[in-house]
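Source file: entry-v7.cif; contents: mmCIF, C-alpha atoms.
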```cif
data_input
#
loop_
_atom_site.group_PDB
_atom_site.id
_atom_site.type_symbol
_atom_site.label_atom_id
_atom_site.label_comp_id
_atom_site.auth_asym_id
_atom_site.auth_seq_id
_atom_site.Cartn_x
_atom_site.Cartn_y
_atom_site.Cartn_z
ATOM 1 C CA MET C 787 82.108 104.277 118.495
ATOM 2 C CA ILE C 788 85.814 105.013 117.872
ATOM 3 C CA MET C 789 87.386 107.982 119.630
ATOM 4 C CA LYS C 790 90.830 108.565 118.147
ATOM 5 C CA TYR C 791 93.744 109.660 120.259
ATOM 6 C CA SER C 792 95.085 112.886 118.790
ATOM 7 C CA GLY C 793 98.437 113.034 120.612
ATOM 8 C CA ASP C 794 99.636 114.911 123.670
ATOM 9 C CA TYR C 795 97.135 113.048 125.875
ATOM 10 C CA LYS C 796 94.113 114.469 124.118
ATOM 11 C CA TRP C 797 91.347 112.751 122.170
ATOM 12 C CA GLU C 798 89.433 113.943 119.114
ATOM 13 C CA ASP C 799 86.251 115.829 119.998
ATOM 14 C CA VAL C 800 86.821 115.424 123.740
ATOM 15 C CA ALA C 801 86.760 118.700 125.660
ATOM 16 C CA VAL C 802 89.537 119.519 128.097
ATOM 17 C CA LEU C 803 87.640 120.603 131.198
ATOM 18 C CA ALA C 804 88.419 122.041 134.592
ATOM 19 C CA TYR C 805 89.094 119.371 137.225
ATOM 20 C CA LYS C 806 86.239 120.674 139.366
ATOM 21 C CA GLU C 807 83.758 123.472 138.928
ATOM 22 C CA THR C 808 84.540 125.091 142.237
ATOM 23 C CA GLY C 809 87.104 125.032 145.005
ATOM 24 C CA THR C 810 90.656 126.136 145.627
ATOM 25 C CA ASN C 811 91.901 123.009 147.357
ATOM 26 C CA PHE C 812 93.590 121.681 144.232
ATOM 27 C CA LYS C 813 96.046 123.006 141.650
ATOM 28 C CA SER C 814 96.735 122.696 137.926
ATOM 29 C CA ILE C 815 94.497 119.814 136.860
ATOM 30 C CA THR C 816 92.455 119.147 133.743
ATOM 31 C CA ARG C 817 89.767 116.538 133.060
ATOM 32 C CA GLN C 818 88.607 114.742 129.914
ATOM 33 C CA VAL C 819 85.597 112.402 129.931
ATOM 34 C CA LEU C 820 86.309 109.339 127.775
ATOM 35 C CA PHE C 821 83.250 107.249 128.648
ATOM 36 C CA ASP C 822 80.023 108.348 130.266
ATOM 37 C CA GLY C 823 77.999 105.214 130.816
ATOM 38 C CA LEU C 824 76.196 103.005 128.309
ATOM 39 C CA GLY C 825 73.900 99.999 128.637
ATOM 40 C CA ASP C 826 74.984 97.771 131.523
ATOM 41 C CA LEU C 827 78.128 99.822 132.264
ATOM 42 C CA PRO C 828 77.111 102.513 134.794
ATOM 43 C CA CYS C 829 80.639 103.942 134.790
ATOM 44 C CA GLN C 830 82.346 107.142 133.862
ATOM 45 C CA LEU C 831 86.007 107.062 132.833
ATOM 46 C CA ARG C 832 87.941 110.307 133.065
ATOM 47 C CA TYR C 833 91.515 111.208 132.148
ATOM 48 C CA PHE C 834 92.958 113.678 134.654
ATOM 49 C CA GLU C 835 96.234 115.453 134.191
ATOM 50 C CA VAL C 836 98.040 117.106 137.077
ATOM 51 C CA GLN C 837 100.696 119.516 135.867
ATOM 52 C CA THR C 838 104.149 119.795 137.426
ATOM 53 C CA GLY C 839 103.695 121.113 140.945
ATOM 54 C CA GLY C 840 99.962 120.435 140.912
ATOM 55 C CA TYR C 841 97.832 118.285 143.192
ATOM 56 C CA SER C 842 94.291 116.957 143.462
ATOM 57 C CA SER C 843 92.035 117.765 146.386
ATOM 58 C CA LEU C 844 92.517 115.909 149.648
ATOM 59 C CA GLU C 845 89.206 114.094 149.901
ATOM 60 C CA ARG C 846 87.275 110.981 150.732
ATOM 61 C CA HIS C 847 83.845 109.712 149.718
ATOM 62 C CA HIS C 848 81.648 106.663 149.728
ATOM 63 C CA HIS C 849 82.292 105.853 146.055
ATOM 64 C CA VAL C 850 85.242 103.807 144.880
ATOM 65 C CA HIS C 851 87.939 104.932 142.436
ATOM 66 C CA PHE C 852 89.878 102.686 140.096
ATOM 67 C CA VAL C 853 92.932 104.525 138.747
ATOM 68 C CA MET C 854 95.622 103.716 136.182
ATOM 69 C CA ILE C 855 98.554 106.062 135.651
ATOM 70 C CA LEU C 856 98.968 106.843 131.945
ATOM 71 C CA ARG C 857 101.577 109.598 131.933
ATOM 72 C CA GLY C 858 104.527 110.719 133.994
ATOM 73 C CA ALA C 859 105.104 110.134 137.659
ATOM 74 C CA GLY C 860 103.987 111.386 141.024
ATOM 75 C CA GLN C 861 102.878 110.407 144.474
ATOM 76 C CA VAL C 862 99.612 109.446 146.040
ATOM 77 C CA PHE C 863 98.585 109.669 149.672
ATOM 78 C CA LEU C 864 96.204 106.791 150.265
ATOM 79 C CA GLY C 865 94.992 105.597 153.634
ATOM 80 C CA ASN C 866 98.055 105.739 155.875
ATOM 81 C CA HIS C 867 100.739 105.687 153.205
ATOM 82 C CA ILE C 868 102.386 107.787 150.533
ATOM 83 C CA TYR C 869 103.215 105.827 147.411
ATOM 84 C CA SER C 870 105.349 106.740 144.411
ATOM 85 C CA VAL C 871 103.475 105.954 141.214
ATOM 86 C CA THR C 872 104.443 105.869 137.575
ATOM 87 C CA GLU C 873 103.093 104.794 134.198
ATOM 88 C CA LYS C 874 100.679 101.838 134.182
ATOM 89 C CA ASP C 875 100.606 101.485 137.973
ATOM 90 C CA VAL C 876 97.099 100.638 139.160
ATOM 91 C CA ILE C 877 95.516 102.146 142.278
ATOM 92 C CA THR C 878 92.261 101.127 143.895
ATOM 93 C CA ILE C 879 90.825 103.685 146.302
ATOM 94 C CA PRO C 880 88.316 102.027 148.615
ATOM 95 C CA SER C 881 85.277 103.733 150.081
ATOM 96 C CA GLN C 882 85.865 106.478 152.699
ATOM 97 C CA THR C 883 89.641 106.482 152.294
ATOM 98 C CA TRP C 884 91.507 109.806 152.322
ATOM 99 C CA HIS C 885 93.523 110.331 149.150
ATOM 100 C CA GLN C 886 95.461 113.009 147.282
ATOM 101 C CA PHE C 887 97.537 112.865 144.083
ATOM 102 C CA ARG C 888 100.550 115.002 143.360
ATOM 103 C CA ALA C 889 102.689 115.328 140.222
ATOM 104 C CA ASN C 890 106.451 115.118 140.573
ATOM 105 C CA ALA C 891 108.476 118.281 140.199
ATOM 106 C CA GLU C 892 109.873 117.098 136.853
ATOM 107 C CA SER C 893 106.783 115.680 135.155
ATOM 108 C CA PRO C 894 103.026 115.891 134.892
ATOM 109 C CA LEU C 895 100.932 113.054 136.273
ATOM 110 C CA GLY C 896 98.171 111.795 133.987
ATOM 111 C CA PHE C 897 95.769 109.059 134.996
ATOM 112 C CA LEU C 898 92.558 107.285 134.094
ATOM 113 C CA CYS C 899 89.972 107.316 136.881
ATOM 114 C CA LEU C 900 86.881 105.118 136.844
ATOM 115 C CA VAL C 901 83.798 105.978 138.930
ATOM 116 C CA ASN C 902 80.141 105.120 139.029
ATOM 117 C CA VAL C 903 78.024 107.600 137.019
ATOM 118 C CA GLU C 904 75.921 108.109 140.159
ATOM 119 C CA ARG C 905 78.089 108.853 143.153
ATOM 120 C CA ASP C 906 78.134 110.781 146.384
ATOM 121 C CA LYS C 907 79.778 114.179 146.736
ATOM 122 C CA VAL C 908 83.334 114.344 147.969
ATOM 123 C CA GLN C 909 84.032 115.143 151.610
ATOM 124 C CA LEU C 910 86.820 117.609 152.310
ATOM 125 C CA PRO C 911 88.691 117.364 155.617
ATOM 126 C CA THR C 912 87.406 119.270 158.633
ATOM 127 C CA GLY C 913 89.811 120.917 161.056
ATOM 128 C CA ASP C 914 89.566 117.841 163.281
ATOM 129 C CA ASP C 915 90.282 115.551 160.321
ATOM 130 C CA LEU C 916 93.410 117.560 159.500
ATOM 131 C CA ILE C 917 94.624 117.402 163.108
ATOM 132 C CA GLU C 918 94.183 113.632 163.015
ATOM 133 C CA LEU C 919 95.873 113.244 159.610
ATOM 134 C CA ARG C 920 98.804 115.456 160.624
ATOM 135 C CA LYS C 921 99.699 113.254 163.588
ATOM 136 C CA ASP C 922 101.885 111.347 161.125
ATOM 137 C CA SER C 923 104.737 113.696 160.215
ATOM 138 C CA LYS C 924 105.237 112.203 156.737
ATOM 139 C CA ILE C 925 101.581 112.674 155.940
ATOM 140 C CA ALA C 926 101.634 116.151 157.474
ATOM 141 C CA ALA C 927 104.481 117.093 155.156
ATOM 142 C CA PHE C 928 102.701 115.702 152.101
ATOM 143 C CA ILE C 929 99.080 116.782 152.240
ATOM 144 C CA LYS C 930 97.792 120.113 150.995
ATOM 145 C CA SER C 931 94.324 121.341 151.820
ATOM 146 C CA MET T 611 95.583 99.039 146.992
ATOM 147 C CA ILE T 612 98.571 99.727 144.712
ATOM 148 C CA MET T 613 99.316 97.250 141.949
ATOM 149 C CA LYS T 614 102.702 98.096 140.484
ATOM 150 C CA TYR T 615 103.428 97.756 136.798
ATOM 151 C CA SER T 616 106.384 95.418 136.399
ATOM 152 C CA GLY T 617 107.240 96.129 132.759
ATOM 153 C CA ASP T 618 106.468 94.336 129.496
ATOM 154 C CA TYR T 619 102.731 94.903 130.016
ATOM 155 C CA LYS T 620 102.559 92.821 133.154
ATOM 156 C CA TRP T 621 101.628 93.776 136.705
ATOM 157 C CA GLU T 622 102.994 92.468 140.006
ATOM 158 C CA ASP T 623 101.022 89.519 141.356
ATOM 159 C CA VAL T 624 98.611 89.534 138.414
ATOM 160 C CA ALA T 625 98.319 86.196 136.643
ATOM 161 C CA VAL T 626 98.608 86.010 132.876
ATOM 162 C CA LEU T 627 95.616 83.897 131.896
ATOM 163 C CA ALA T 628 94.201 82.322 128.785
ATOM 164 C CA TYR T 629 91.856 84.636 126.870
ATOM 165 C CA LYS T 630 89.011 82.159 127.217
ATOM 166 C CA GLU T 631 88.708 78.790 128.868
ATOM 167 C CA THR T 632 87.416 77.050 125.782
ATOM 168 C CA GLY T 633 87.035 77.556 122.047
ATOM 169 C CA THR T 634 89.167 77.643 118.934
ATOM 170 C CA ASN T 635 87.668 80.711 117.335
ATOM 171 C CA PHE T 636 90.501 82.968 118.519
ATOM 172 C CA LYS T 637 94.298 82.951 118.361
ATOM 173 C CA SER T 638 97.261 84.033 120.501
ATOM 174 C CA ILE T 639 95.629 86.118 123.252
ATOM 175 C CA THR T 640 96.326 86.506 126.962
ATOM 176 C CA ARG T 641 94.232 88.131 129.714
ATOM 177 C CA GLN T 642 95.131 89.860 132.981
ATOM 178 C CA VAL T 643 92.437 91.008 135.419
ATOM 179 C CA LEU T 644 93.372 94.417 136.868
ATOM 180 C CA PHE T 645 90.134 95.186 138.724
ATOM 181 C CA ASP T 646 87.360 92.830 139.711
ATOM 182 C CA GLY T 647 84.645 94.989 141.220
ATOM 183 C CA LEU T 648 84.554 96.796 144.555
ATOM 184 C CA GLY T 649 81.874 98.764 146.382
ATOM 185 C CA ASP T 650 79.761 100.782 143.963
ATOM 186 C CA LEU T 651 81.880 99.828 140.919
ATOM 187 C CA PRO T 652 80.389 96.618 139.482
ATOM 188 C CA CYS T 653 83.052 96.477 136.803
ATOM 189 C CA GLN T 654 85.866 94.235 135.750
ATOM 190 C CA LEU T 655 88.841 95.700 133.892
ATOM 191 C CA ARG T 656 90.983 93.297 131.909
ATOM 192 C CA TYR T 657 94.161 93.796 129.876
ATOM 193 C CA PHE T 658 94.139 91.639 126.777
ATOM 194 C CA GLU T 659 97.102 91.167 124.517
ATOM 195 C CA VAL T 660 96.751 89.811 121.006
ATOM 196 C CA GLN T 661 100.065 88.637 119.611
ATOM 197 C CA THR T 662 101.216 89.310 116.052
ATOM 198 C CA GLY T 663 98.914 87.393 113.729
ATOM 199 C CA GLY T 664 96.387 86.804 116.506
ATOM 200 C CA TYR T 665 92.720 87.740 116.738
ATOM 201 C CA SER T 666 89.866 87.747 119.234
ATOM 202 C CA SER T 667 86.686 85.799 118.679
ATOM 203 C CA LEU T 668 84.055 87.203 116.342
ATOM 204 C CA GLU T 669 81.200 87.717 118.769
ATOM 205 C CA ARG T 670 78.340 89.836 120.017
ATOM 206 C CA HIS T 671 76.498 90.014 123.329
ATOM 207 C CA HIS T 672 74.085 92.086 125.320
ATOM 208 C CA HIS T 673 76.796 93.594 127.535
ATOM 209 C CA VAL T 674 78.775 96.679 126.558
ATOM 210 C CA HIS T 675 82.570 96.905 126.191
ATOM 211 C CA PHE T 676 84.658 99.984 126.776
ATOM 212 C CA VAL T 677 88.135 99.525 125.287
ATOM 213 C CA MET T 678 91.349 101.565 125.294
ATOM 214 C CA ILE T 679 94.346 100.451 123.238
ATOM 215 C CA LEU T 680 97.484 100.407 125.406
ATOM 216 C CA ARG T 681 100.045 98.728 123.181
ATOM 217 C CA GLY T 682 100.807 98.381 119.501
ATOM 218 C CA ALA T 683 98.400 98.596 116.635
ATOM 219 C CA GLY T 684 95.739 96.556 114.916
ATOM 220 C CA GLN T 685 92.302 96.579 113.433
ATOM 221 C CA VAL T 686 88.830 96.125 114.785
ATOM 222 C CA PHE T 687 85.720 95.038 112.968
ATOM 223 C CA LEU T 688 82.828 96.826 114.660
ATOM 224 C CA GLY T 689 79.298 97.015 113.344
ATOM 225 C CA ASN T 690 79.673 97.589 109.615
ATOM 226 C CA HIS T 691 83.210 98.947 109.592
ATOM 227 C CA ILE T 692 86.830 97.940 109.957
ATOM 228 C CA TYR T 693 88.883 100.517 111.842
ATOM 229 C CA SER T 694 92.633 100.842 112.275
ATOM 230 C CA VAL T 695 93.455 101.401 115.940
ATOM 231 C CA THR T 696 96.595 102.339 117.787
ATOM 232 C CA GLU T 697 97.766 103.385 121.257
ATOM 233 C CA LYS T 698 95.252 105.318 123.385
ATOM 234 C CA ASP T 699 92.428 105.071 120.867
ATOM 235 C CA VAL T 700 89.127 104.479 122.630
ATOM 236 C CA ILE T 701 86.453 102.089 121.366
ATOM 237 C CA THR T 702 82.930 101.695 122.697
ATOM 238 C CA ILE T 703 81.213 98.475 121.656
ATOM 239 C CA PRO T 704 77.448 98.814 122.054
ATOM 240 C CA SER T 705 75.109 95.996 122.934
ATOM 241 C CA GLN T 706 74.558 93.261 120.317
ATOM 242 C CA THR T 707 77.203 94.589 117.922
ATOM 243 C CA TRP T 708 79.478 92.140 116.099
ATOM 244 C CA HIS T 709 83.152 92.792 116.800
ATOM 245 C CA GLN T 710 86.570 91.233 116.332
ATOM 246 C CA PHE T 711 90.058 92.546 117.121
ATOM 247 C CA ARG T 712 93.181 91.681 115.175
ATOM 248 C CA ALA T 713 96.837 92.563 115.799
ATOM 249 C CA ASN T 714 98.869 93.980 112.946
ATOM 250 C CA ALA T 715 101.476 91.767 111.305
ATOM 251 C CA GLU T 716 104.302 93.839 112.821
ATOM 252 C CA SER T 717 103.090 94.347 116.390
ATOM 253 C CA PRO T 718 100.990 92.931 119.175
ATOM 254 C CA LEU T 719 97.743 94.664 120.105
ATOM 255 C CA GLY T 720 97.214 95.240 123.835
ATOM 256 C CA PHE T 721 94.087 96.819 125.234
ATOM 257 C CA LEU T 722 92.111 97.511 128.376
ATOM 258 C CA CYS T 723 88.548 96.201 128.269
ATOM 259 C CA LEU T 724 85.899 97.199 130.787
ATOM 260 C CA VAL T 725 82.806 95.056 131.379
ATOM 261 C CA ASN T 726 80.158 94.588 134.035
ATOM 262 C CA VAL T 727 81.096 91.870 136.545
ATOM 263 C CA GLU T 728 77.745 90.212 135.783
ATOM 264 C CA ARG T 729 77.253 89.829 132.075
ATOM 265 C CA ASP T 730 75.659 87.556 129.510
ATOM 266 C CA LYS T 731 77.589 84.912 127.598
ATOM 267 C CA VAL T 732 78.996 85.795 124.203
ATOM 268 C CA GLN T 733 77.125 84.761 121.084
ATOM 269 C CA LEU T 734 79.206 83.312 118.267
ATOM 270 C CA PRO T 735 77.967 83.687 114.687
ATOM 271 C CA THR T 736 75.692 81.040 113.226
ATOM 272 C CA GLY T 737 76.035 79.950 109.615
ATOM 273 C CA ASP T 738 73.270 82.388 108.694
ATOM 274 C CA ASP T 739 75.010 85.208 110.581
ATOM 275 C CA LEU T 740 78.212 84.527 108.645
ATOM 276 C CA ILE T 741 76.381 84.545 105.306
ATOM 277 C CA GLU T 742 74.893 87.907 106.246
ATOM 278 C CA LEU T 743 78.215 89.348 107.459
ATOM 279 C CA ARG T 744 80.071 88.147 104.366
ATOM 280 C CA LYS T 745 77.777 90.042 101.996
ATOM 281 C CA ASP T 746 80.245 92.919 102.449
ATOM 282 C CA SER T 747 83.447 91.835 100.720
ATOM 283 C CA LYS T 748 85.713 93.888 103.000
ATOM 284 C CA ILE T 749 84.171 92.336 106.071
ATOM 285 C CA ALA T 750 84.291 88.889 104.454
ATOM 286 C CA ALA T 751 88.027 89.339 103.919
ATOM 287 C CA PHE T 752 88.607 90.463 107.496
ATOM 288 C CA ILE T 753 86.616 88.224 109.797
ATOM 289 C CA LYS T 754 87.816 84.885 111.087
ATOM 290 C CA SER T 755 85.476 82.451 112.785
#
```
Would you mind writing the structure in this file as structure tokens?
Amino acid sequence: MIMKYSGDYKWEDVAVLAYKETGTNFKSITRQVLFDGLGDLPCQLRYFEVQTGGYSSLERHHHVHFVMILRGAGQVFLGNHIYSVTEKDVITIPSQTWHQFRANAESPLGFLCLVNVERDKVQLPTGDDLIELRKDSKIAAFIKS
Amino acid sequence: MIMKYSGDYKWEDVAVLAYKETGTNFKSITRQVLFDGLGDLPCQLRYFEVQTGGYSSLERHHHVHFVMILRGAGQVFLGNHIYSVTEKDVITIPSQTWHQFRANAESPLGFLCLVNVERDKVQLPTGDDLIELRKDSKIAAFIKS
């Protein structure tokens, strides 16, 4: 019932996994599952770490994310904005909202991400979605897909 | 959708609340609500901070807690054991399991605690429960009620 932190953003007996099983639309991310649902809590809590220069996939989905930054600093594209984020900042990603995380050049970006155990698959942007997203030059310069 | 951390374990526009509305079976704790359920995530995430010498109520309930220590160090009585806990340790509190958190003498103990938005009320120990719990001398020396 106790899972000890073992330093360097790893936990005892918790496997460091690939961010996703497939895909090339992301770079340099690991995943650790810290909670996988119990009793009346139908939630999974993951710790993701984006290495320097890495980024998560540009995606949206029906399910909601709750995120807290635990390590380092980076940026997140969320909705129509790009935000700088750092340790202990909290980010709520509503349903069907495009989002992408990126680590800063000087530091990794580690964060907790809470989801429902049962959730829909992510949607990646179509060509039309990318045309629409790239109408904003700041967003065009930020997103990678 | 972004809630910035403002330092000293506080977040912008997040109220620092009393741990509980009523009761005297706890000491020196504050509560901040960082997430209060959205879409398919029926969860509430709170940050609790137990000051030096403080402790949470000795309680059990049907609902499950997921906890991550964010600040300082302390001890937790959980089930039949007393564990030392420190930053980033993870604690899962199963249904109907007696538990109590205490800050160390030298530091506060701050932690994230995840619960279902809809949950049962806590049960405090009866006289008979306390007699049973105190049969273990280590537990008897630890718990406060």
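Our summary of the geometry notes that CA of Val876 (chain C) is positioned 20.1 Å from CA of Gly682 (chain T).
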Item to check | Expected selection from the PyMOL selection byres ((chain C) within 9 of (chain T)), given as an NGL selection string | outcome: :C and (787-793 or 795 or 797 or 820-821 or 824-829 or 848-852 or 864 or 869 or 871-881 or 900-902 or 905)
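Note that the spacing between CA of Arg670 (chain T) and CA of Pro735 (chain T) amounts to 8.1 Å.
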Evaluate the PyMOL selection byres ((chain C and resi 884-893) around 6) and report residues as an mmCIF file with C-alpha atoms, in the coordinates of the input:
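Result saved to part21.cif:
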```
data_model
loop_
_atom_site.group_PDB
_atom_site.id
_atom_site.type_symbol
_atom_site.label_atom_id
_atom_site.label_comp_id
_atom_site.auth_asym_id
_atom_site.auth_seq_id
_atom_site.Cartn_x
_atom_site.Cartn_y
_atom_site.Cartn_z
ATOM 1 C CA VAL C 836 98.040 117.106 137.077
ATOM 2 C CA THR C 838 104.149 119.795 137.426
ATOM 3 C CA GLY C 839 103.695 121.113 140.945
ATOM 4 C CA GLY C 840 99.962 120.435 140.912
ATOM 5 C CA TYR C 841 97.832 118.285 143.192
ATOM 6 C CA SER C 842 94.291 116.957 143.462
ATOM 7 C CA SER C 843 92.035 117.765 146.386
ATOM 8 C CA LEU C 844 92.517 115.909 149.648
ATOM 9 C CA GLU C 845 89.206 114.094 149.901
ATOM 10 C CA ARG C 846 87.275 110.981 150.732
ATOM 11 C CA GLY C 858 104.527 110.719 133.994
ATOM 12 C CA ALA C 859 105.104 110.134 137.659
ATOM 13 C CA GLY C 860 103.987 111.386 141.024
ATOM 14 C CA GLN C 861 102.878 110.407 144.474
ATOM 15 C CA VAL C 862 99.612 109.446 146.040
ATOM 16 C CA PHE C 863 98.585 109.669 149.672
ATOM 17 C CA LEU C 864 96.204 106.791 150.265
ATOM 18 C CA GLY C 865 94.992 105.597 153.634
ATOM 19 C CA THR C 883 89.641 106.482 152.294
ATOM 20 C CA PRO C 894 103.026 115.891 134.892
ATOM 21 C CA LEU C 895 100.932 113.054 136.273
#
```
Checklist entry - Rounded to one decimal in Å, what is the spacing between CA of Thr912 (chain C) and CA of Ala804 (chain C)? => result 24.2 Å
Next on the checklist: To test your reading of the syntax: which residues would the PyMOL selection byres ((chain T and resi 749) around 10) return for the file shown? Reply as an MDAnalysis selection string.
Outcome noted: chainID T and resid 687:692 743:748 750:754
Give the padded box for region 718-725 of chain T as JSON: axis-aligned, covering all atoms listed in the file, 6 Å on each side, centre and edge lengths in Å to one decimal.
```
{"center_x": 91.9, "center_y": 95.2, "center_z": 125.3, "size_x": 30.2, "size_y": 16.6, "size_z": 24.2}
```
Checklist entry - Taking (98.2, 85.4, 136.6) in the file's coordinates as the center, which residues reach within 12 Å of it, counting only C-alpha atoms, put as a list in words? => result Lys620, Trp621, Glu622, Asp623, Val624, Ala625, Val626, Leu627, Ala628, Tyr629, Thr640, Arg641, Gln642, Val643, Leu644, Arg656 and Tyr657 of chain T
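Take the candidates C:Ser931, C:Lys907, C:Gly913, C:Gln830 and check each one against Phe812 (chain C) using only C-alpha atoms; the shortest distance goes to C:Ser931.
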